[in-house]
Amino acid sequence: MCSMISPSDNTHTHTHTHTLFSLIWFVYFYSVRCVCVCVMHHSPAVCLCCGAHICTRLSVCRSELQGETKILKLKNLRPKDYANYSCIASVRNVCAIADRRVVFRLTNKTAPASIKLLVEDPIVVNPGQTVSLVCITTAGEPAPSLAWTSGSGSLPEKSLMKEGVLTLPAIASEDTGVYSCIASNNVGNPAKKSTTIIVRALKKGRFWITPDPYHNDDNIQIGREVKISCQVEATPPEELQFSWLKNGRALRSSERMVITQTDPDISPGTTNLDIIDLKFTDFGTYTCVAALRGGAIPEISIDVNISSTTVPPNLTVPRGKSPMAVREGETVELECLVSGKPKPIILWSRADKEAPMPDGSMQMESYDGVLRIVNVSREMSGSYRCQTSQYNGFNVKPREAVIELIVRYPPAVEPVWQEVRQGLGRQVSMNCRVLRAHPSRVLRYEWRLGSRLLHAGTFDSRDDTDYIVRSLVREGYGEYTCDVINEVGPGRCTFLHKTPEFYYDTYSPLWQNRPRVYGYKLQWTQMNPSAVDRIMAYRLGIRQTGQQRWWEQDIPVEGNIQKGELITHNLTELIRPEAYVVRLTPITRFGEGDSSTRVVTYSAPINPDLREFHCSFEEDPVCMFTQDKNDDFDWTRHSAATRDTKYTPNTGPSGDRSGSKQGFFMYIETSRPRKDGDTARLLSPTFNVAPKNPYSITSPPVYCFSFYYHMYGKHIGSLNAFVKQKGQSTSDAGPVWSLSGNQGDRWRQAKISIHPTASFQVIFEGIRGPGIEGDIAIDDVTLEEGECPDPPSNRMYRACISMVTKP
């Protein structure tokens with residue numbers, strides 16, 4: 001804890017109330033640090049700030065910078081209040097850490113920092129120069145400390161800083177940005193002054209040709225007009241200047257050769273050469289030269305050839321090159337034949353959905369019309385568009401072609417691996433389900449125990465296969481596999497049968513509402529307790545994965561263990577997100593028995609007891625909601641303050657559910673390239689319904705599932721809500737709530753009472769309507785234990801679930 005802040009100068013006394021602050025003691029974190037003192041010299045109030053960092057222990061002491069700030073406020077400052085104030089942070093000698101003390105000296109000379117920059121703003125320099133930024137203090141008591149920061153987040157690696165002077169040797173284009181000098185003396189707010197460094201540069205020269213913009217003609221013809229455009233990127237842009245050459249000779253603007261550089265209709269950094277009434281003598285090489293005033297930066301020159309052979313581009317797909325079928329993992333080349341002079345750059349992108357290209361970008365360039373994809377994956381199946389670029393070519397309507405890529409891959413199945421623990425004589429059922437495969441026809445399956453074939457067959461109308469062991473014998477323990485096979489190869493489900501130690505565990509780690517630790521509930525049965533001497537205790541061993549040291553403790557057993565009896569023990573203080581190896585050994589009076597081990601793995605908190613869950617999407621990640629990977633597009637997290645609605649002003653909310661423009665919500669963006677009927681699904685984390693009895697649920701709980709929705713716009717599609725229980729697919733679950741069409745520009749609330757019998761997720765599905773004014777939004781998703789309090793106004797009977805929709 002941190003003691004109260006008080007004067008250490010005993011010659012001064014006053015009756016101000018001191019702030020006593022206590023801190024919660026969190027496990028595993030140590031360190032102490034005082035943060036700041038804030039004094040407003042000409043104000044009747046003084047703020048002193050103290051930051052304290054706390055420690056405790058599990059097995060070793062570790063430092064962690066994590067603390068909080070405490071404030072002592074002195075009102076109506078008087079002369080006798082000028083004194084030394086001490087902040088003492090203490091962890092009561094835990095981990096042998098002594099108390100820490102910081103003294104704040106408050107005098108009538110105490111004043112906040114003030115600084116001055118001895119530089120121009122902005123500073124324009126050439127690459128390679130050395131730049132020095134000088135910052136001096138003009139006021140402050142105690143003396144301020146000076147530091148420099150960059151708007152990019154970190155100073156260049158080569159920068160040097162000494163006594164307020166920041167030196168940038170051999171400056172480069174990437175060093176362009178805002179640099180700030182910050183002075184701090186823990187009195188008031190830090191002082192800050194900034195300047196901008198601009199490094200002169202020229203880059204990215206390109207051109208395009210526009211044949212006769214007034215006659216809508218794609219060919220260059222004698223007697224018509226031709227426009228040549230040249231564009232470069234310049235820093236600073238106001239220093240950019242252009243000149244034109246024809247066949248190496250300077251070209252001046254005339255009635256027939258019009259040169260423009262300041263036309264408001266053209267892009268910044270662009271010059272145009274308009275050749276009016278093209279003549280045969282105008283054929284030749286035109287050169288655009290870009291330079292920065294003052295020199296020192298190399299010029300960029302771009303040659304454009306205009307002749308009778310200059311023709312617009314054309315794109316075709318070679319015969320037999322679409323569709324292209326390839327096995328997963330192979331290399332494929334998609335080819336578009338491109339013609340034209342000059343030959344344009346080809347841009348490749350996905351044509352069937354808004355998805356990145358294999359290199360992670362949304363668009364890839366090709367100079368020969370070939371897109372080469374190495375190590376093709378199944379996610380790369382679909383349509384690819386090749387399209388001409390307007391740069392380094394003609395400024396005409398883009399030419400494009402589409403190639404279909406088919407990736408053949410072995411079946412994807414679930415579960416890929418599952419541990420099965422069951423006692424002797426009991427029935428075991430295993431199910432292997434096909435998720436997807438290409439080709440999907442003529443799928444066959446083979447069930448094996450080890451290398452022994454148990455059963456084989458082919459799929460008909462089903463997409464899964466079962467194997468049942470009626471009565472488990474000792475020889476039945478082992479690894480069962482189910483191979484689902486197509487012409488590309490097999491997909492495998494694996495089931496590992498073990499003796500029933502750790503027979504029944506909680507579905508997931510216990511969420512303890514603590515930021516850095518989690519717990520796990522171990523439950524187990526002894527396989528056959530009557531066949532061994534009485535078990536007096538269990539020895540529990542635990543170690544963090546990747547480490548060698550084991551921590552052990554004995555768990556005593558009172559009385560005899562009955563067959564099938566469930567024994568439990570809570571593991572606590574596990575550090576998230578670490579995984580642990582747990583070893584359990586029975587102990588009799590004759591010694592230790594056979595050990596059984598398993599790995600305890602952390603997963604994100606999912607309210608295993610589910611008393612209450614609320615998500616307003618204010619933080620990212622969004623309450624562990626995830627996007628469905630098998631839908632057409634994604635939900636978007638946004639606020640009204642950052643969302644751009646200038647193209648679709650008549651749809652979507654103008655604020656979050658509370659009316660705040662700064663608050664966040666989730667919505668589906670229905671502008672292009674979205675199409676009518678496209679779906680976006682948002683999946684909640686998995687919520688547990690943890691039964692007291694591991695074998696059955698006799699009285700399933702009921703929960704109230706509610707959310708706010710906003711469906712405004714003339715093209716609104718549909719919003720569906722699903723409750724998907726463990727083992728179900730979304731299509732099997734069916735919607736528990738559904739609404740379509742324009743509901744007006746306001747938020748409304750939906751409430752649904754649900755009765756899950758297994759762990760479950762809630763899923764929101766937005767379906768795009770016939771146009772772009774169809775944005776659908778959701779906010780404030782809540783799950784609470786108990787029936788929804790309001791009576792339903794509409795009913796949808798589906799698996800004992802009722803629906804309530806209210807404004």
# chains A, B, ... in the order shown; residues from 1 in each chain; ligands from 1
$ select_by_dssp --residues "segment 280-331 of chain A" --states "strand (DSSP E or B)" --output "list of chain:residue names"
A:Gly284, A:Thr285, A:Tyr286, A:Thr287, A:Cys288, A:Val289, A:Ala290, A:Ala291, A:Leu292, A:Ile300, A:Ser301, A:Ile302, A:Asp303, A:Val304, A:Asn305, A:Ile306, A:Val311, A:Pro312, A:Pro313, A:Asn314, A:Leu315, A:Thr316, A:Met324, A:Ala325, A:Val326, A:Arg327
$ write_last_selection --atoms "N, CA and C atoms" --output "PDB file, in the first residue's frame"
ATOM      1  N   GLY A 284       6.590  11.319 -82.959  1.00  0.00           N
ATOM      2  CA  GLY A 284       7.945  11.408 -82.427  1.00  0.00           C
ATOM      3  C   GLY A 284       7.958  11.051 -80.943  1.00  0.00           C
ATOM      4  N   THR A 285       9.100  11.297 -80.313  1.00  0.00           N
ATOM      5  CA  THR A 285       9.267  10.992 -78.895  1.00  0.00           C
ATOM      6  C   THR A 285       9.154  12.276 -78.087  1.00  0.00           C
ATOM      7  N   TYR A 286       8.186  12.292 -77.174  1.00  0.00           N
ATOM      8  CA  TYR A 286       7.977  13.443 -76.298  1.00  0.00           C
ATOM      9  C   TYR A 286       8.508  13.088 -74.908  1.00  0.00           C
ATOM     10  N   THR A 287       9.269  14.010 -74.345  1.00  0.00           N
ATOM     11  CA  THR A 287       9.892  13.770 -73.040  1.00  0.00           C
ATOM     12  C   THR A 287       9.369  14.784 -72.032  1.00  0.00           C
ATOM     13  N   CYS A 288       8.858  14.260 -70.921  1.00  0.00           N
ATOM     14  CA  CYS A 288       8.406  15.091 -69.793  1.00  0.00           C
ATOM     15  C   CYS A 288       9.535  15.104 -68.758  1.00  0.00           C
ATOM     16  N   VAL A 289      10.020  16.281 -68.384  1.00  0.00           N
ATOM     17  CA  VAL A 289      11.124  16.412 -67.417  1.00  0.00           C
ATOM     18  C   VAL A 289      10.586  17.118 -66.171  1.00  0.00           C
ATOM     19  N   ALA A 290      10.716  16.451 -65.003  1.00  0.00           N
ATOM     20  CA  ALA A 290      10.275  17.020 -63.725  1.00  0.00           C
ATOM     21  C   ALA A 290      11.498  17.348 -62.886  1.00  0.00           C
ATOM     22  N   ALA A 291      11.483  18.509 -62.235  1.00  0.00           N
ATOM     23  CA  ALA A 291      12.604  18.935 -61.389  1.00  0.00           C
ATOM     24  C   ALA A 291      12.071  19.761 -60.230  1.00  0.00           C
ATOM     25  N   LEU A 292      12.883  19.866 -59.180  1.00  0.00           N
ATOM     26  CA  LEU A 292      12.579  20.749 -58.052  1.00  0.00           C
ATOM     27  C   LEU A 292      13.419  22.007 -58.188  1.00  0.00           C
ATOM     28  N   ILE A 300      13.667  13.801 -63.064  1.00  0.00           N
ATOM     29  CA  ILE A 300      13.001  12.594 -63.573  1.00  0.00           C
ATOM     30  C   ILE A 300      12.517  12.919 -64.986  1.00  0.00           C
ATOM     31  N   SER A 301      12.890  12.094 -65.945  1.00  0.00           N
ATOM     32  CA  SER A 301      12.421  12.294 -67.316  1.00  0.00           C
ATOM     33  C   SER A 301      11.681  11.046 -67.783  1.00  0.00           C
ATOM     34  N   ILE A 302      10.579  11.260 -68.504  1.00  0.00           N
ATOM     35  CA  ILE A 302       9.716  10.168 -68.962  1.00  0.00           C
ATOM     36  C   ILE A 302       9.515  10.336 -70.461  1.00  0.00           C
ATOM     37  N   ASP A 303       9.849   9.318 -71.232  1.00  0.00           N
ATOM     38  CA  ASP A 303       9.697   9.351 -72.684  1.00  0.00           C
ATOM     39  C   ASP A 303       8.372   8.720 -73.101  1.00  0.00           C
ATOM     40  N   VAL A 304       7.655   9.395 -74.001  1.00  0.00           N
ATOM     41  CA  VAL A 304       6.392   8.896 -74.546  1.00  0.00           C
ATOM     42  C   VAL A 304       6.509   8.945 -76.066  1.00  0.00           C
ATOM     43  N   ASN A 305       6.325   7.782 -76.696  1.00  0.00           N
ATOM     44  CA  ASN A 305       6.449   7.714 -78.153  1.00  0.00           C
ATOM     45  C   ASN A 305       5.062   7.762 -78.788  1.00  0.00           C
ATOM     46  N   ILE A 306       4.857   8.718 -79.696  1.00  0.00           N
ATOM     47  CA  ILE A 306       3.598   8.843 -80.441  1.00  0.00           C
ATOM     48  C   ILE A 306       3.913   8.568 -81.910  1.00  0.00           C
ATOM     49  N   VAL A 311      -1.151   2.082 -80.475  1.00  0.00           N
ATOM     50  CA  VAL A 311      -2.521   1.537 -80.442  1.00  0.00           C
ATOM     51  C   VAL A 311      -2.911   1.251 -78.998  1.00  0.00           C
ATOM     52  N   PRO A 312      -4.206   1.320 -78.686  1.00  0.00           N
ATOM     53  CA  PRO A 312      -4.657   1.049 -77.314  1.00  0.00           C
ATOM     54  C   PRO A 312      -4.478  -0.417 -76.956  1.00  0.00           C
ATOM     55  N   PRO A 313      -4.487  -0.725 -75.656  1.00  0.00           N
ATOM     56  CA  PRO A 313      -4.245  -2.104 -75.212  1.00  0.00           C
ATOM     57  C   PRO A 313      -5.449  -3.008 -75.431  1.00  0.00           C
ATOM     58  N   ASN A 314      -5.156  -4.310 -75.424  1.00  0.00           N
ATOM     59  CA  ASN A 314      -6.207  -5.326 -75.504  1.00  0.00           C
ATOM     60  C   ASN A 314      -5.803  -6.500 -74.623  1.00  0.00           C
ATOM     61  N   LEU A 315      -6.798  -7.124 -73.969  1.00  0.00           N
ATOM     62  CA  LEU A 315      -6.544  -8.248 -73.069  1.00  0.00           C
ATOM     63  C   LEU A 315      -7.379  -9.442 -73.485  1.00  0.00           C
ATOM     64  N   THR A 316      -6.758 -10.618 -73.521  1.00  0.00           N
ATOM     65  CA  THR A 316      -7.477 -11.867 -73.785  1.00  0.00           C
ATOM     66  C   THR A 316      -6.894 -12.961 -72.906  1.00  0.00           C
ATOM     67  N   MET A 324      -8.529 -22.851 -64.451  1.00  0.00           N
ATOM     68  CA  MET A 324      -7.273 -23.525 -64.161  1.00  0.00           C
ATOM     69  C   MET A 324      -7.473 -24.375 -62.907  1.00  0.00           C
ATOM     70  N   ALA A 325      -7.211 -25.672 -63.024  1.00  0.00           N
ATOM     71  CA  ALA A 325      -7.342 -26.583 -61.886  1.00  0.00           C
ATOM     72  C   ALA A 325      -5.953 -26.996 -61.421  1.00  0.00           C
ATOM     73  N   VAL A 326      -5.713 -26.925 -60.115  1.00  0.00           N
ATOM     74  CA  VAL A 326      -4.394 -27.221 -59.563  1.00  0.00           C
ATOM     75  C   VAL A 326      -4.568 -27.836 -58.183  1.00  0.00           C
ATOM     76  N   ARG A 327      -3.631 -28.698 -57.802  1.00  0.00           N
ATOM     77  CA  ARG A 327      -3.654 -29.288 -56.463  1.00  0.00           C
ATOM     78  C   ARG A 327      -3.131 -28.302 -55.427  1.00  0.00           C
TER      79      ARG A 327
END
$ residues_around --residues "Leu584 of chain A" --least-positions-apart "3" --cutoff "7 Å" --atoms "only C-alpha atoms" --output "number ranges by chain"
A: 538-541, 595-597
$ residues_around --residues "Pro344 of chain A" --least-positions-apart "4" --cutoff "12 Å" --atoms "only C-alpha atoms" --output "PyMOL selection string"
chain A and resi 206-209+311-315+337-340+365-369+386-396+398-399
$ residues_around --residues "segment 448-462 of chain A" --least-positions-apart "3" --cutoff "10 Å" --atoms "only C-alpha atoms" --output "ChimeraX atom specification"
/A:433-434,441-445,465,467,476-485,494-496
$ residues_around --residues "Asn570 of chain A" --least-positions-apart "2" --cutoff "9 Å" --atoms "only C-alpha atoms" --output "PyMOL selection string"
chain A and resi 519-523+568+572
$ atom_distance --atom1 "atom CA of Ala113 of chain A" --atom2 "atom CA of Val134 of chain A"
16.3 Å
$ residues_around --residues "Asp628 of chain A" --least-positions-apart "4" --cutoff "12 Å" --atoms "only C-alpha atoms" --output "list in words"
Asp632, Phe633, Asp634, Trp635, Thr679, Ala680, Arg681, Leu682, Leu683, Ser684, Pro685, Thr730, Ile763, Phe764, Glu765 and Gly766 of chain A
$ write_last_selection --atoms "C-alpha atoms" --output "JSON list (two decimals), in the first residue's frame"
[["chain", "number", "residue", "atom", "x", "y", "z"],
["A", 632, "ASP", "CA", -19.23, -13.22, -47.98],
["A", 633, "PHE", "CA", -17.92, -10.19, -46.07],
["A", 634, "ASP", "CA", -17.28, -8.94, -42.52],
["A", 635, "TRP", "CA", -19.02, -6.77, -39.94],
["A", 679, "THR", "CA", -24.10, -12.26, -45.93],
["A", 680, "ALA", "CA", -21.87, -11.24, -43.01],
["A", 681, "ARG", "CA", -21.87, -13.27, -39.78],
["A", 682, "LEU", "CA", -20.48, -12.20, -36.38],
["A", 683, "LEU", "CA", -19.83, -14.98, -33.83],
["A", 684, "SER", "CA", -19.82, -14.47, -30.06],
["A", 685, "PRO", "CA", -17.41, -16.31, -27.76],
["A", 730, "THR", "CA", -25.47, -22.58, -38.17],
["A", 763, "ILE", "CA", -24.50, -15.34, -34.09],
["A", 764, "PHE", "CA", -25.58, -12.17, -35.87],
["A", 765, "GLU", "CA", -26.19, -12.48, -39.62],
["A", 766, "GLY", "CA", -26.61, -9.38, -41.78]]
$ closest_residue --among "A:Pro529, A:Phe687, A:Trp551, A:Gly741" --to "Ile587 of chain A" --atoms "only C-alpha atoms"
A:Pro529
$ closest_residue --among "A:Ala721, A:Arg470, A:Glu578, A:Ile220" --to "Lys341 of chain A" --atoms "only C-alpha atoms"
A:Ile220
$ atom_distance --atom1 "atom CA of Asn742 of chain A" --atom2 "atom CA of Lys661 of chain A"
21.9 Å
$ closest_residue --among "A:Pro490, A:Pro415, A:Pro268, A:Gly786" --to "His755 of chain A" --atoms "only C-alpha atoms"
A:Gly786
$ atom_distance --atom1 "atom CA of Tyr709 of chain A" --atom2 "atom CA of Gly734 of chain A"
19.3 Å
$ closest_residue --among "A:Pro735, A:His614, A:Ile752, A:Pro556" --to "Leu783 of chain A" --atoms "only C-alpha atoms"
A:His614
$ closest_residue --among "A:Ser759, A:Ser706, A:Gln526, A:Gln363" --to "Pro586 of chain A" --atoms "only C-alpha atoms"
A:Gln526
